[in-house]
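The file coords33.txt contains compact mmCIF, C-alpha atoms and all ligand atoms:
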```txt
# COMPACT_ATOMS: atom_id res chain seq x y z
CA MET A 11 -22.86 23.60 4.97
CA GLU A 12 -23.63 26.51 2.67
CA MET A 13 -23.31 29.97 4.26
CA PHE A 14 -25.50 32.91 3.18
CA ASP A 15 -25.52 36.54 4.27
CA VAL A 16 -29.28 36.46 4.64
CA ALA A 17 -31.88 33.69 4.75
CA ILE A 18 -35.50 34.66 4.21
CA VAL A 19 -38.27 32.27 5.20
CA GLY A 20 -41.45 32.74 3.12
CA GLY A 21 -41.91 33.72 -0.52
CA GLY A 22 -45.05 35.88 -0.17
CA PRO A 23 -44.87 39.64 -0.96
CA ALA A 24 -42.75 40.45 2.14
CA GLY A 25 -40.18 37.71 1.56
CA SER A 26 -39.85 38.17 -2.21
CA VAL A 27 -39.35 41.94 -2.00
CA CYS A 28 -36.82 41.50 0.79
CA ALA A 29 -34.94 38.83 -1.21
CA ALA A 30 -34.98 40.94 -4.39
CA LEU A 31 -33.48 43.95 -2.61
CA CYS A 32 -30.93 41.99 -0.54
CA ALA A 33 -29.68 40.32 -3.74
CA THR A 34 -29.55 43.71 -5.50
CA ALA A 35 -27.42 45.06 -2.64
CA GLY A 36 -24.95 42.24 -3.25
CA LEU A 37 -25.86 39.96 -0.32
CA ARG A 38 -25.70 36.19 -0.77
CA THR A 39 -29.43 35.61 -0.35
CA VAL A 40 -31.50 32.45 0.01
CA LEU A 41 -35.31 32.40 0.14
CA ILE A 42 -37.00 29.31 1.55
CA GLU A 43 -40.62 28.69 0.55
CA ARG A 44 -42.68 25.62 1.43
CA GLU A 45 -44.99 25.78 -1.61
CA LYS A 46 -44.34 25.38 -5.33
CA PHE A 47 -45.35 28.60 -7.14
CA PRO A 48 -47.68 29.63 -8.67
CA ARG A 49 -49.97 29.02 -5.71
CA GLU A 50 -53.19 30.66 -4.52
CA LYS A 51 -53.68 31.87 -0.98
CA VAL A 52 -56.56 33.14 1.12
CA CYS A 53 -56.77 36.82 0.19
CA GLY A 54 -59.19 39.35 -1.28
CA ASP A 55 -56.61 39.94 -4.07
CA CYS A 56 -56.95 43.76 -3.78
CA LEU A 57 -53.80 45.87 -4.27
CA ASN A 58 -53.91 49.15 -2.39
CA PRO A 59 -52.69 52.03 -4.65
CA GLU A 60 -49.77 52.59 -2.26
CA CYS A 61 -48.24 49.37 -3.62
CA TRP A 62 -47.53 51.01 -7.01
CA PRO A 63 -44.44 53.06 -5.99
CA ILE A 64 -42.90 49.89 -4.51
CA LEU A 65 -43.66 47.89 -7.66
CA ARG A 66 -42.08 50.69 -9.71
CA ARG A 67 -38.95 50.60 -7.53
CA LEU A 68 -38.76 46.85 -8.24
CA ALA A 69 -39.39 47.53 -11.95
CA ILE A 70 -42.27 45.08 -12.14
CA ASP A 71 -45.20 47.51 -12.31
CA GLN A 72 -45.53 46.94 -16.08
CA ARG A 73 -45.49 43.15 -15.61
CA VAL A 74 -48.34 43.53 -13.10
CA ARG A 75 -50.33 45.75 -15.49
CA GLU A 76 -49.84 43.25 -18.33
CA SER A 77 -51.13 40.34 -16.20
CA PRO A 78 -54.83 39.49 -15.87
CA HIS A 79 -56.38 41.89 -13.35
CA ALA A 80 -59.40 44.13 -12.79
CA THR A 81 -59.39 47.86 -12.02
CA LEU A 82 -61.76 48.85 -9.23
CA ALA A 83 -63.94 51.92 -9.75
CA SER A 84 -65.74 51.88 -6.40
CA VAL A 85 -66.30 50.14 -3.07
CA ALA A 86 -69.85 49.20 -2.03
CA PHE A 87 -70.56 48.78 1.70
CA ILE A 88 -73.69 46.73 2.41
CA GLY A 89 -75.21 46.55 5.91
CA LEU A 90 -77.26 43.81 7.56
CA HIS A 91 -80.52 45.31 6.25
CA ASP A 92 -79.16 45.65 2.71
CA ARG A 93 -78.48 49.39 3.05
CA CYS A 94 -75.80 50.02 0.42
CA MET A 95 -73.37 52.92 0.20
CA GLU A 96 -71.03 53.13 -2.75
CA ILE A 97 -67.87 55.25 -2.64
CA GLU A 98 -65.82 56.00 -5.75
CA LEU A 99 -62.15 55.01 -5.67
CA PRO A 100 -59.28 57.07 -7.11
CA GLN A 101 -58.72 56.36 -10.80
CA GLY A 102 -55.73 56.73 -13.12
CA GLU A 103 -52.39 54.95 -13.30
CA ASP A 104 -52.27 54.21 -9.58
CA ALA A 105 -55.86 52.96 -9.23
CA GLU A 106 -56.68 50.07 -6.89
CA ILE A 107 -56.62 46.78 -8.78
CA THR A 108 -57.33 43.14 -8.03
CA ILE A 109 -54.95 40.42 -9.15
CA LYS A 110 -54.91 36.75 -8.20
CA ARG A 111 -52.18 35.90 -5.70
CA SER A 112 -51.05 33.00 -7.89
CA VAL A 113 -50.14 35.63 -10.50
CA PHE A 114 -48.90 38.47 -8.28
CA ASP A 115 -46.76 36.42 -5.88
CA ALA A 116 -45.16 34.47 -8.75
CA LEU A 117 -44.15 37.76 -10.45
CA LEU A 118 -42.48 38.94 -7.25
CA LEU A 119 -40.72 35.63 -6.61
CA ASP A 120 -39.45 35.54 -10.21
CA ARG A 121 -38.13 39.07 -9.80
CA ALA A 122 -36.16 38.03 -6.69
CA ARG A 123 -34.72 35.06 -8.62
CA GLN A 124 -33.85 37.29 -11.59
CA LEU A 125 -32.00 39.72 -9.30
CA GLY A 126 -29.82 36.93 -7.93
CA ALA A 127 -31.56 35.45 -4.89
CA GLU A 128 -31.40 31.66 -4.59
CA ILE A 129 -35.00 30.44 -4.38
CA ARG A 130 -35.72 27.13 -2.68
CA GLU A 131 -39.35 26.15 -3.29
CA THR A 132 -41.10 23.13 -1.73
CA SER A 133 -38.77 23.63 1.23
CA THR A 134 -40.36 23.85 4.67
CA LEU A 135 -38.34 25.27 7.55
CA ILE A 136 -38.59 22.80 10.42
CA SER A 137 -35.86 23.80 12.85
CA LEU A 138 -33.62 26.71 13.78
CA GLU A 139 -30.48 26.95 15.84
CA LYS A 140 -28.26 29.84 16.83
CA ALA A 141 -24.60 28.82 16.31
CA ASN A 142 -22.07 31.49 17.32
CA ASP A 143 -23.99 34.51 16.11
CA ASP A 144 -25.27 32.84 12.92
CA TRP A 145 -28.54 31.07 12.24
CA LYS A 146 -28.60 27.43 11.21
CA LEU A 147 -31.77 26.50 9.31
CA THR A 148 -32.95 22.96 8.68
CA ILE A 149 -35.42 22.34 5.90
CA ALA A 150 -37.77 19.35 5.62
CA ASP A 151 -36.14 18.11 2.41
CA ALA A 152 -32.87 17.70 4.39
CA PHE A 153 -31.20 20.83 3.00
CA ALA A 154 -29.54 22.91 5.70
CA CYS A 155 -27.77 26.26 5.57
CA ARG A 156 -26.37 29.00 7.75
CA ALA A 157 -26.98 32.71 7.51
CA GLN A 158 -25.78 35.83 9.26
CA VAL A 159 -29.25 37.44 9.17
CA LEU A 160 -32.60 35.68 9.32
CA VAL A 161 -35.77 37.35 8.00
CA ALA A 162 -39.08 35.78 9.01
CA ALA A 163 -41.58 36.51 6.22
CA ASP A 164 -43.55 33.32 6.77
CA GLY A 165 -46.99 34.76 7.37
CA ARG A 166 -49.45 35.00 10.24
CA ASN A 167 -48.64 31.53 11.64
CA SER A 168 -44.88 32.18 11.41
CA THR A 169 -42.83 29.04 12.00
CA VAL A 170 -39.79 31.20 12.83
CA ALA A 171 -41.74 33.02 15.57
CA ARG A 172 -42.99 29.67 16.89
CA LEU A 173 -39.52 28.09 16.90
CA CYS A 174 -38.14 31.15 18.73
CA GLY A 175 -40.98 31.08 21.29
CA LEU A 176 -42.27 34.45 20.05
CA LEU A 177 -45.58 33.47 18.44
CA PRO A 178 -48.35 35.18 20.47
CA ARG A 179 -51.05 33.01 22.00
CA ILE A 180 -54.15 33.06 19.86
CA GLY A 181 -57.50 33.35 21.62
CA LYS A 182 -60.89 32.31 20.29
CA GLU A 183 -60.48 33.37 16.75
CA ARG A 184 -62.33 33.84 13.50
CA VAL A 185 -61.81 31.82 10.32
CA ALA A 186 -61.65 32.99 6.70
CA LEU A 187 -62.77 31.05 3.63
CA GLN A 188 -61.95 32.06 0.09
CA ALA A 189 -62.73 30.85 -3.42
CA HIS A 190 -62.54 32.05 -7.01
CA ILE A 191 -65.95 31.57 -8.61
CA PRO A 192 -67.51 32.46 -11.98
CA LEU A 193 -68.08 36.23 -12.24
CA PRO A 194 -71.82 36.99 -12.05
CA ARG A 195 -73.10 38.99 -15.01
CA ASP A 196 -73.36 42.74 -14.34
CA PHE A 197 -71.28 42.52 -11.14
CA GLY A 198 -69.43 45.68 -12.18
CA ASN A 199 -65.91 46.90 -11.40
CA LYS A 200 -66.39 47.26 -7.69
CA VAL A 201 -65.36 45.59 -4.48
CA VAL A 202 -68.33 44.69 -2.28
CA LEU A 203 -67.88 44.58 1.50
CA GLN A 204 -71.02 43.07 2.95
CA LEU A 205 -71.89 42.64 6.62
CA LEU A 206 -73.76 39.41 7.33
CA PRO A 207 -75.15 37.82 10.49
CA GLY A 208 -72.05 36.25 12.09
CA GLY A 209 -69.39 37.91 9.91
CA TYR A 210 -68.79 39.51 6.53
CA SER A 211 -68.07 38.82 2.91
CA GLY A 212 -65.73 40.54 0.45
CA GLN A 213 -66.34 40.16 -3.28
CA ALA A 214 -64.33 41.55 -6.18
CA PRO A 215 -63.79 40.67 -9.84
CA VAL A 216 -60.21 39.49 -10.49
CA SER A 217 -60.47 39.07 -14.26
CA GLU A 218 -63.12 39.13 -16.97
CA SER A 219 -64.46 35.77 -15.83
CA GLU A 220 -63.71 35.28 -12.12
CA LEU A 221 -64.89 36.72 -8.82
CA ASN A 222 -62.86 36.55 -5.62
CA LEU A 223 -65.21 35.61 -2.79
CA CYS A 224 -64.10 35.81 0.85
CA LEU A 225 -66.08 34.94 3.97
CA VAL A 226 -64.93 35.81 7.48
CA GLY A 227 -66.66 34.74 10.67
CA LYS A 228 -66.46 32.90 13.95
CA PRO A 229 -66.11 29.12 13.62
CA LYS A 230 -69.73 28.66 14.76
CA SER A 231 -71.04 31.02 12.02
CA ILE A 232 -68.81 30.02 9.12
CA ARG A 233 -71.10 27.23 7.82
CA THR A 234 -74.05 29.66 7.81
CA LEU A 235 -71.96 32.16 5.85
CA GLN A 236 -70.99 29.41 3.43
CA ARG A 237 -74.68 28.50 2.93
CA TRP A 238 -75.47 32.17 2.29
CA ALA A 239 -72.72 32.31 -0.37
CA THR A 240 -73.82 29.03 -1.96
CA GLU A 241 -77.35 30.42 -2.40
CA ARG A 242 -76.34 33.98 -3.35
CA PHE A 243 -73.88 32.86 -6.07
CA ALA A 244 -75.58 29.55 -7.03
CA LEU A 245 -72.42 27.59 -6.16
CA SER A 246 -72.22 23.85 -6.66
CA ALA A 247 -72.09 21.56 -3.62
CA GLY A 248 -68.54 20.60 -4.61
CA GLN A 249 -67.20 24.19 -4.52
CA GLN A 250 -63.59 24.16 -3.26
CA TRP A 251 -62.66 26.67 -0.53
CA ARG A 252 -59.28 27.68 0.89
CA THR A 253 -59.16 28.50 4.58
CA ILE A 254 -56.99 30.37 7.11
CA THR A 255 -57.00 31.40 10.75
CA PRO A 256 -56.34 33.52 12.83
CA LEU A 257 -57.66 36.87 11.57
CA THR A 258 -56.36 38.73 14.64
CA ARG A 259 -53.31 38.22 16.82
CA ALA A 260 -50.86 40.37 18.78
CA ALA A 261 -47.85 41.80 16.95
CA VAL A 262 -44.33 40.31 17.22
CA PRO A 263 -41.45 42.80 17.84
CA PRO A 264 -40.03 43.35 14.32
CA ALA A 265 -36.33 43.09 15.27
CA ARG A 266 -34.22 41.06 17.70
CA GLY A 267 -30.55 41.47 16.83
CA ASN A 268 -29.98 39.66 13.54
CA LEU A 269 -33.55 38.31 13.41
CA LEU A 270 -36.10 40.48 11.57
CA PHE A 271 -39.85 39.93 11.10
CA ALA A 272 -41.68 41.31 8.04
CA GLY A 273 -45.24 41.25 6.66
CA ASP A 274 -47.90 39.23 8.47
CA ALA A 275 -45.21 37.45 10.50
CA ALA A 276 -44.70 40.75 12.34
CA ARG A 277 -48.22 42.16 12.37
CA VAL A 278 -51.62 41.01 11.13
CA VAL A 279 -54.26 43.61 10.19
CA GLU A 280 -57.99 43.20 9.63
CA PRO A 281 -58.43 42.20 5.96
CA PHE A 282 -61.61 44.33 5.61
CA THR A 283 -59.42 47.35 4.72
CA GLY A 284 -57.31 45.44 2.16
CA GLU A 285 -53.91 46.78 3.20
CA GLY A 286 -51.95 43.66 4.22
CA ILE A 287 -50.07 43.33 0.91
CA PHE A 288 -48.91 46.97 1.11
CA TYR A 289 -47.54 46.45 4.64
CA ALA A 290 -45.86 43.22 3.49
CA LEU A 291 -44.17 44.89 0.50
CA ARG A 292 -43.06 47.94 2.46
CA SER A 293 -41.76 46.01 5.48
CA GLY A 294 -39.93 43.69 3.05
CA GLU A 295 -38.16 46.76 1.65
CA LEU A 296 -37.31 48.08 5.11
CA ALA A 297 -36.07 44.67 6.29
CA ALA A 298 -33.78 44.43 3.25
CA THR A 299 -32.19 47.78 4.15
CA ALA A 300 -31.67 46.61 7.74
CA ALA A 301 -30.22 43.24 6.67
CA THR A 302 -27.83 44.98 4.28
CA ARG A 303 -26.62 47.33 7.02
CA ILE A 304 -26.10 44.43 9.45
CA VAL A 305 -24.04 42.47 6.89
CA GLN A 306 -22.13 45.25 5.14
CA GLU A 307 -21.65 47.78 7.94
CA ASN A 308 -21.92 45.50 10.96
CA SER A 309 -24.30 48.23 12.18
CA PRO A 310 -25.42 47.69 15.80
CA ASP A 311 -28.37 50.10 15.27
CA ALA A 312 -29.86 48.59 12.11
CA GLY A 313 -32.35 46.39 14.00
CA ALA A 314 -33.57 49.20 16.25
CA GLU A 315 -33.91 51.53 13.26
CA TYR A 316 -35.89 48.89 11.38
CA ALA A 317 -38.20 48.50 14.38
CA ALA A 318 -38.73 52.29 14.50
CA GLU A 319 -39.48 52.52 10.76
CA HIS A 320 -41.76 49.51 11.00
CA THR A 321 -43.77 51.19 13.77
CA ALA A 322 -43.85 54.47 11.80
CA MET A 323 -45.28 52.67 8.76
CA TYR A 324 -48.48 51.91 10.73
CA ARG A 325 -48.69 55.31 12.46
CA GLY A 326 -51.99 57.11 11.87
CA ARG A 327 -53.45 54.08 10.06
CA LEU A 328 -54.15 51.47 12.71
CA TRP A 329 -57.10 53.32 14.25
CA ILE A 330 -59.15 52.93 11.05
CA ASN A 331 -58.22 49.27 10.92
CA ALA A 332 -59.31 48.90 14.58
CA LEU A 333 -62.58 50.74 13.82
CA ALA A 334 -63.22 48.43 10.86
CA ARG A 335 -62.47 45.42 13.07
CA SER A 336 -65.04 46.50 15.70
CA GLY A 337 -67.62 46.92 12.93
CA VAL A 338 -67.03 43.48 11.45
CA VAL A 339 -66.55 41.52 14.67
CA SER A 340 -69.99 42.87 15.62
CA PRO A 341 -71.90 43.22 12.32
CA LYS A 342 -74.83 44.82 14.22
CA LEU A 343 -72.54 47.63 15.35
CA GLY A 344 -71.09 47.80 11.83
CA SER A 345 -74.59 48.23 10.39
CA ILE A 346 -75.37 51.01 12.88
CA LEU A 347 -72.15 52.78 11.83
CA LEU A 348 -73.15 52.34 8.18
CA ASP A 349 -76.65 53.74 8.88
CA PHE A 350 -74.99 56.74 10.54
CA ALA A 351 -72.62 57.14 7.58
CA SER A 352 -75.58 57.20 5.18
CA PHE A 353 -76.53 60.57 6.75
CA GLN A 354 -72.88 61.67 6.67
CA PRO A 355 -71.53 60.21 3.40
CA ALA A 356 -68.55 62.58 3.60
CA LEU A 357 -67.40 60.68 6.69
CA LEU A 358 -67.33 57.29 4.91
CA ARG A 359 -65.65 58.95 1.93
CA PHE A 360 -63.02 60.41 4.28
CA LEU A 361 -62.36 57.05 5.95
CA THR A 362 -62.13 55.25 2.59
CA ARG A 363 -59.69 57.86 1.24
CA LYS A 364 -57.52 57.47 4.36
CA ILE A 365 -57.00 53.83 3.35
CA VAL A 366 -57.18 53.93 -0.45
CA ARG A 367 -54.94 56.87 -1.36
C1 LIG A 401 -59.57 36.76 4.17
C2 LIG A 401 -58.39 37.65 3.87
C3 LIG A 401 -58.49 38.60 2.86
C4 LIG A 401 -57.43 39.45 2.61
N1 LIG A 401 -57.55 40.37 1.61
C5 LIG A 401 -56.55 41.22 1.36
C6 LIG A 401 -56.64 42.16 0.28
O1 LIG A 401 -57.62 42.19 -0.47
N2 LIG A 401 -55.61 43.02 0.10
C7 LIG A 401 -54.50 43.01 0.89
O2 LIG A 401 -53.61 43.85 0.71
N3 LIG A 401 -54.37 42.11 1.89
C8 LIG A 401 -55.34 41.20 2.13
N4 LIG A 401 -55.19 40.25 3.10
C9 LIG A 401 -53.92 40.19 3.83
C10 LIG A 401 -52.81 39.59 2.96
O3 LIG A 401 -53.23 38.35 2.44
C11 LIG A 401 -51.54 39.41 3.80
O4 LIG A 401 -51.34 40.57 4.57
C12 LIG A 401 -50.32 39.16 2.93
O5 LIG A 401 -50.44 37.94 2.24
C13 LIG A 401 -49.06 39.11 3.81
O6 LIG A 401 -47.95 38.79 3.01
P1 LIG A 401 -46.69 38.07 3.67
O7 LIG A 401 -45.65 38.00 2.59
O8 LIG A 401 -46.36 38.67 4.96
O9 LIG A 401 -47.19 36.59 4.03
P2 LIG A 401 -47.85 35.48 3.13
O10 LIG A 401 -48.42 36.05 1.90
O11 LIG A 401 -48.73 34.72 4.06
O12 LIG A 401 -46.63 34.57 2.70
C14 LIG A 401 -45.97 33.74 3.61
C15 LIG A 401 -45.27 32.64 2.84
O13 LIG A 401 -44.48 31.87 3.76
C16 LIG A 401 -44.54 30.51 3.40
N5 LIG A 401 -44.25 29.73 4.61
C17 LIG A 401 -45.00 29.63 5.74
N6 LIG A 401 -44.39 28.81 6.62
C18 LIG A 401 -43.26 28.37 6.05
C19 LIG A 401 -42.22 27.49 6.45
N7 LIG A 401 -42.23 26.89 7.65
N8 LIG A 401 -41.19 27.24 5.60
C20 LIG A 401 -41.16 27.84 4.38
N9 LIG A 401 -42.12 28.69 3.93
C21 LIG A 401 -43.15 28.95 4.76
C22 LIG A 401 -45.99 30.34 2.90
O14 LIG A 401 -46.10 29.22 2.05
C23 LIG A 401 -46.23 31.67 2.17
O15 LIG A 401 -45.94 31.58 0.79
C24 LIG A 401 -56.23 39.35 3.36
C25 LIG A 401 -56.11 38.37 4.36
C26 LIG A 401 -57.18 37.52 4.60
C27 LIG A 401 -57.04 36.47 5.68
```

Show me, as structure tokens, the structure contained in the file I just sent.
Ligand SMILES: Cc1cc2nc3c(=O)[nH]c(=O)nc-3n(C[C@H](O)[C@H](O)[C@H](O)COP(=O)(O)OP(=O)(O)OC[C@H]3O[C@@H](n4cnc5c(N)ncnc54)[C@H](O)[C@@H]3O)c2cc1C
Amino acid sequence: MEMFDVAIVGGGPAGSVCAALCATAGLRTVLIEREKFPREKVCGDCLNPECWPILRRLAIDQRVRESPHATLASVAFIGLHDRCMEIELPQGEDAEITIKRSVFDALLLDRARQLGAEIRETSTLISLEKANDDWKLTIADAFACRAQVLVAADGRNSTVARLCGLLPRIGKERVALQAHIPLPRDFGNKVVLQLLPGGYSGQAPVSESELNLCLVGKPKSIRTLQRWATERFALSAGQQWRTITPLTRAAVPPARGNLLFAGDAARVVEPFTGEGIFYALRSGELAATAATRIVQENSPDAGAEYAAEHTAMYRGRLWINALARSGVVSPKLGSILLDFASFQPALLRFLTRKIVR
């Protein structure tokens, strides 16, 4: 059975960055991904400006800029009674952009492959065993391998966390729907975050011809939200939607010996603030450093240090995410906050700049 230094489960932003950097550090690296890329996924497709330094470190920032994308000039918040407040976003080289996940994630996965990681697509992890101190992974297509370090980058419903009995129980949860639809004329270069009875919608152009449309709500409201979107954007009855749940769950401890969690597998944030990809990229980088130290230095502290850096990454940011979550879980409260902000626009500008910086 083939032996690797590190096995990474999941080829989203967290897994690909981790694989790229582990391979660069000289580790024998395998990445296991259940889908065949390019693939879409439920996401608002917005890249927080803080992603740019990471993309530069990976030397793929130019590839991202050359791919179809849209640059966002502003964010428009719309309340239940159609009160709209528009806040300008920072411009320049590190502006916030939107890019389809089929494009962005494939660029990252290709970069990991180019740097020497072995990429196994259409391979679903189905079982895990600890043998001596190594991990034995079994994949649905009958491939099996062993690895000294295991990185779970397999998203919010992490199979690794489930197989290790670490996946938190999920209460009554919300559902998200997403589609790419024709871009309405005169939509403009803005992201729209709109509170609606029973949930919210995010809308942003992703190219010259397509709009990313997301709907988030409780299961009992999601059909109403879908009807609203069908009418608002004149969608056909056959419109295809992607779906995902949960939107909220407890965090998983990011390190347990030679098992590391990165991206959504470790912590899920409210998508309203559009930061999940940044956390995935950054935690992928940090996990790669920890994996390298475990393999090359046999460091007993690498896991604990990763956990500390992982916690620090969220410090001072989670309160805004929690505030946004209260406003969208209860759109009436969200609208009241928006009404208040219309008298204090500096406050909304301050909160937006804390996230988009
Ligand atoms: C409605 C919505 C809108 C959002 N909008 C934004 C936004 O605009 N901007 C932003 O920054 N973030 C946004 N997010 C969050 C963002 O999508 C995630 O934070 C991000 O995708 C996390 O990346 P990841 O690499 O951790 O996981 P993922 O991107 O989920 O990747 C996990 C990968 O693991 C693979 N996988 C899963 N199980 C297995 C298995 N058993 N075996 C092998 N492979 C497996 C999956 O196929 C997948 O490719 C949004 C989320 C939602 C729900």

Name the residues, by chain letter and number, that sit within 6 Å of ligand LIG 401 (chain A) using only C-alpha atoms and all ligand atoms, and give them as an MDAnalysis selection string.
chainID A and resid 19:25 42:45 52:57 133:135 163:165 168:169 186 224 257 273:275 281 284:288 290

Go ahead and save the picked residues with C-alpha atoms, as a JSON list (two decimals), in the coordinates of the input.
```
[["chain", "number", "residue", "atom", "x", "y", "z"],
["A", 19, "VAL", "CA", -38.27, 32.27, 5.20],
["A", 20, "GLY", "CA", -41.45, 32.74, 3.12],
["A", 21, "GLY", "CA", -41.91, 33.72, -0.52],
["A", 22, "GLY", "CA", -45.05, 35.88, -0.17],
["A", 23, "PRO", "CA", -44.87, 39.64, -0.96],
["A", 24, "ALA", "CA", -42.75, 40.45, 2.14],
["A", 25, "GLY", "CA", -40.18, 37.71, 1.56],
["A", 42, "ILE", "CA", -37.00, 29.31, 1.55],
["A", 43, "GLU", "CA", -40.62, 28.69, 0.55],
["A", 44, "ARG", "CA", -42.68, 25.62, 1.43],
["A", 45, "GLU", "CA", -44.99, 25.78, -1.61],
["A", 52, "VAL", "CA", -56.56, 33.14, 1.12],
["A", 53, "CYS", "CA", -56.77, 36.82, 0.19],
["A", 54, "GLY", "CA", -59.19, 39.35, -1.28],
["A", 55, "ASP", "CA", -56.61, 39.94, -4.07],
["A", 56, "CYS", "CA", -56.95, 43.76, -3.78],
["A", 57, "LEU", "CA", -53.80, 45.87, -4.27],
["A", 133, "SER", "CA", -38.77, 23.63, 1.23],
["A", 134, "THR", "CA", -40.36, 23.85, 4.67],
["A", 135, "LEU", "CA", -38.34, 25.27, 7.55],
["A", 163, "ALA", "CA", -41.58, 36.51, 6.22],
["A", 164, "ASP", "CA", -43.55, 33.32, 6.77],
["A", 165, "GLY", "CA", -46.99, 34.76, 7.37],
["A", 168, "SER", "CA", -44.88, 32.18, 11.41],
["A", 169, "THR", "CA", -42.83, 29.04, 12.00],
["A", 186, "ALA", "CA", -61.65, 32.99, 6.70],
["A", 224, "CYS", "CA", -64.10, 35.81, 0.85],
["A", 257, "LEU", "CA", -57.66, 36.87, 11.57],
["A", 273, "GLY", "CA", -45.24, 41.25, 6.66],
["A", 274, "ASP", "CA", -47.90, 39.23, 8.47],
["A", 275, "ALA", "CA", -45.21, 37.45, 10.50],
["A", 281, "PRO", "CA", -58.43, 42.20, 5.96],
["A", 284, "GLY", "CA", -57.31, 45.44, 2.16],
["A", 285, "GLU", "CA", -53.91, 46.78, 3.20],
["A", 286, "GLY", "CA", -51.95, 43.66, 4.22],
["A", 287, "ILE", "CA", -50.07, 43.33, 0.91],
["A", 288, "PHE", "CA", -48.91, 46.97, 1.11],
["A", 290, "ALA", "CA", -45.86, 43.22, 3.49]]
```

Using only C-alpha atoms, pick whichever of A:Phe114, A:Phe271, A:Phe243, A:Tyr210 has the shortest atom-to-atom distance to A:Ala317.
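Of the candidates, the smallest distance to A:Ala317 is held by A:Phe271.
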
Excluding A:Phe282 and any residue of its chain fewer than 6 positions from it, enumerate the residues within 12 Å of it, using all atoms listed in the file, and give them as an MDAnalysis selection string.
chainID A and resid 53:56 85 87 186 201:205 209:213 224:227 257:258 330:339 344 362 365

Could you write out the selected residues, including C-alpha atoms, as a PDB file, in the frame of the given file?
```
ATOM      1  CA  CYS A  53     -56.770  36.820   0.190  1.00  0.00           C
ATOM      2  CA  GLY A  54     -59.190  39.350  -1.280  1.00  0.00           C
ATOM      3  CA  ASP A  55     -56.610  39.940  -4.070  1.00  0.00           C
ATOM      4  CA  CYS A  56     -56.950  43.760  -3.780  1.00  0.00           C
ATOM      5  CA  VAL A  85     -66.300  50.140  -3.070  1.00  0.00           C
ATOM      6  CA  PHE A  87     -70.560  48.780   1.700  1.00  0.00           C
ATOM      7  CA  ALA A 186     -61.650  32.990   6.700  1.00  0.00           C
ATOM      8  CA  VAL A 201     -65.360  45.590  -4.480  1.00  0.00           C
ATOM      9  CA  VAL A 202     -68.330  44.690  -2.280  1.00  0.00           C
ATOM     10  CA  LEU A 203     -67.880  44.580   1.500  1.00  0.00           C
ATOM     11  CA  GLN A 204     -71.020  43.070   2.950  1.00  0.00           C
ATOM     12  CA  LEU A 205     -71.890  42.640   6.620  1.00  0.00           C
ATOM     13  CA  GLY A 209     -69.390  37.910   9.910  1.00  0.00           C
ATOM     14  CA  TYR A 210     -68.790  39.510   6.530  1.00  0.00           C
ATOM     15  CA  SER A 211     -68.070  38.820   2.910  1.00  0.00           C
ATOM     16  CA  GLY A 212     -65.730  40.540   0.450  1.00  0.00           C
ATOM     17  CA  GLN A 213     -66.340  40.160  -3.280  1.00  0.00           C
ATOM     18  CA  CYS A 224     -64.100  35.810   0.850  1.00  0.00           C
ATOM     19  CA  LEU A 225     -66.080  34.940   3.970  1.00  0.00           C
ATOM     20  CA  VAL A 226     -64.930  35.810   7.480  1.00  0.00           C
ATOM     21  CA  GLY A 227     -66.660  34.740  10.670  1.00  0.00           C
ATOM     22  CA  LEU A 257     -57.660  36.870  11.570  1.00  0.00           C
ATOM     23  CA  THR A 258     -56.360  38.730  14.640  1.00  0.00           C
ATOM     24  CA  ILE A 330     -59.150  52.930  11.050  1.00  0.00           C
ATOM     25  CA  ASN A 331     -58.220  49.270  10.920  1.00  0.00           C
ATOM     26  CA  ALA A 332     -59.310  48.900  14.580  1.00  0.00           C
ATOM     27  CA  LEU A 333     -62.580  50.740  13.820  1.00  0.00           C
ATOM     28  CA  ALA A 334     -63.220  48.430  10.860  1.00  0.00           C
ATOM     29  CA  ARG A 335     -62.470  45.420  13.070  1.00  0.00           C
ATOM     30  CA  SER A 336     -65.040  46.500  15.700  1.00  0.00           C
ATOM     31  CA  GLY A 337     -67.620  46.920  12.930  1.00  0.00           C
ATOM     32  CA  VAL A 338     -67.030  43.480  11.450  1.00  0.00           C
ATOM     33  CA  VAL A 339     -66.550  41.520  14.670  1.00  0.00           C
ATOM     34  CA  GLY A 344     -71.090  47.800  11.830  1.00  0.00           C
ATOM     35  CA  THR A 362     -62.130  55.250   2.590  1.00  0.00           C
ATOM     36  CA  ILE A 365     -57.000  53.830   3.350  1.00  0.00           C
TER      37      ILE A 365
END
```

Please provide as an MDAnalysis selection string all residues within 8 Å of A:Leu90, with the sequence filter that same-chain residues fewer than 5 positions apart are discarded (counting all atoms listed in the file).
chainID A and resid 204:207 341:342 345

So which residues are close to (-35.5, 39.6, 8.0), meaning at most 12 Å away in the file's coordinates with all atoms listed in the file counted, and can you show them as a VMD selection string?
chain A and resid 15 to 20 24 to 29 31 to 32 39 to 41 145 157 to 164 170 to 171 263 to 273 275 to 276 290 293 to 305 312 to 313 316 to 317

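Between atom CA of A:Pro256 and atom CA of A:Arg166 the separation is 7.5 Å.
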
Looking at all atoms listed in the file, which of A:Lys46, A:Arg111, A:Arg38, A:Arg93 is the one that sits closest to A:Phe350?
A:Arg93

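The shortest atom-to-atom distance to A:Ala127, with all atoms listed in the file taken into account, belongs to A:Thr34 out of A:Ser112, A:Thr34, A:Gln188, A:Thr253.
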
Which residue of A:Ala83, A:Ile149, A:Leu118, A:Leu221 approaches A:Phe197 most closely, using all atoms listed in the file:
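Once distances to A:Phe197 are computed over all atoms listed in the file, the minimum belongs to A:Leu221.
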